[in-house]
Amino acid sequence: MPIKRTVETEEQMLALGKRVADLLEKTGFIALYGNLGAGKTVFARGVASAFGVSHVQSPTFTIVCEYPTKPHLCHFDAYRLSDADELYAIGFEDYLKDDAMLLMEWANLVSSALPKDRLDVTVTGSGMDVRTVELTPRGPRYEEIFHEDSCV
């Protein structure tokens, strides 16, 4: 069952990302969905703040940014990928084996590569609009953590 939140400010989006990372105990897979300007990278910055990372760059041109945190934090952006094969070509399967936090923006573009167990985060709205964030747990671990509307 998805959990929906209304986010009115960038600070609220950052706080939501941090809260999600804390609930996941800084490991897992977060698939981010939304149009350009929806706030996916802002959410990712919130997740990164839970790791003590203060500067997050968009991995649009590099595909993945890795941060030397414990556990490991990897921020993917599939926007420029033509298919999942390109993701696998950079060693995506190895990333999935790591005890890490993996975030992927534009996850819909490589849906066949996504792990079955994950948290889907869909952000709607853009510009100065209020955002709606929908958290959809996939798999037992995520369903257990995100089972109540009051968890985030």
# chains A, B, ... in the order shown; residues from 1 in each chain; ligands from 1
call {"tool": "residues_around", "arguments": {"residues": "Ser112 of chain A", "least_positions_apart": "3", "cutoff": "9 Å", "atoms": "only C-alpha atoms", "output": "JSON, numbers by chain"}}
result
{"A": [83, 84, 108, 109, 115]}
call {"tool": "residues_around", "arguments": {"residues": "segment 128-138 of chain A", "least_positions_apart": "6", "cutoff": "8 Å", "atoms": "only C-alpha atoms", "output": "PyMOL selection string"}}
result
chain A and resi 1-9+38+116-122+146
call {"tool": "atom_distance", "arguments": {"atom1": "atom CA of Lys26 of chain A", "atom2": "atom CA of Cys151 of chain A"}}
result
15.8 Å
call {"tool": "atom_distance", "arguments": {"atom1": "atom CA of Met101 of chain A", "atom2": "atom CA of Phe29 of chain A"}}
result
6.0 Å
call {"tool": "closest_atom_pairs", "arguments": {"of": "segment 14-76 of chain A", "to": "segment 89-99 of chain A", "cutoff": "9 Å", "atoms": "only C-alpha atoms", "output": "CSV"}}
result
residue,atom,partner,partner_atom,distance
A:Thr27,CA,A:Asp99,CA,6.4
A:Gly28,CA,A:Asp99,CA,7.7
A:Phe29,CA,A:Leu96,CA,8.5
A:Ile63,CA,A:Ile90,CA,8.7
A:Pro71,CA,A:Asp99,CA,6.8
A:His72,CA,A:Asp99,CA,7.2
A:Cys74,CA,A:Tyr95,CA,8.2
call {"tool": "select_by_dssp", "arguments": {"residues": "chain A", "states": "helix (DSSP H, G or I)", "output": "PyMOL selection string"}}
result
chain A and resi 10-23+40-49+84-89+92-97+107-113+140-145
call {"tool": "select_by_dssp", "arguments": {"residues": "segment 72-119 of chain A", "states": "strand (DSSP E or B)", "output": "PyMOL selection string"}}
result
chain A and resi 72-77+100-105+118-119
call {"tool": "closest_residue", "arguments": {"among": "A:Phe76, A:Glu11, A:Lys18, A:Leu87", "to": "Val53 of chain A", "atoms": "only C-alpha atoms"}}
result
A:Lys18
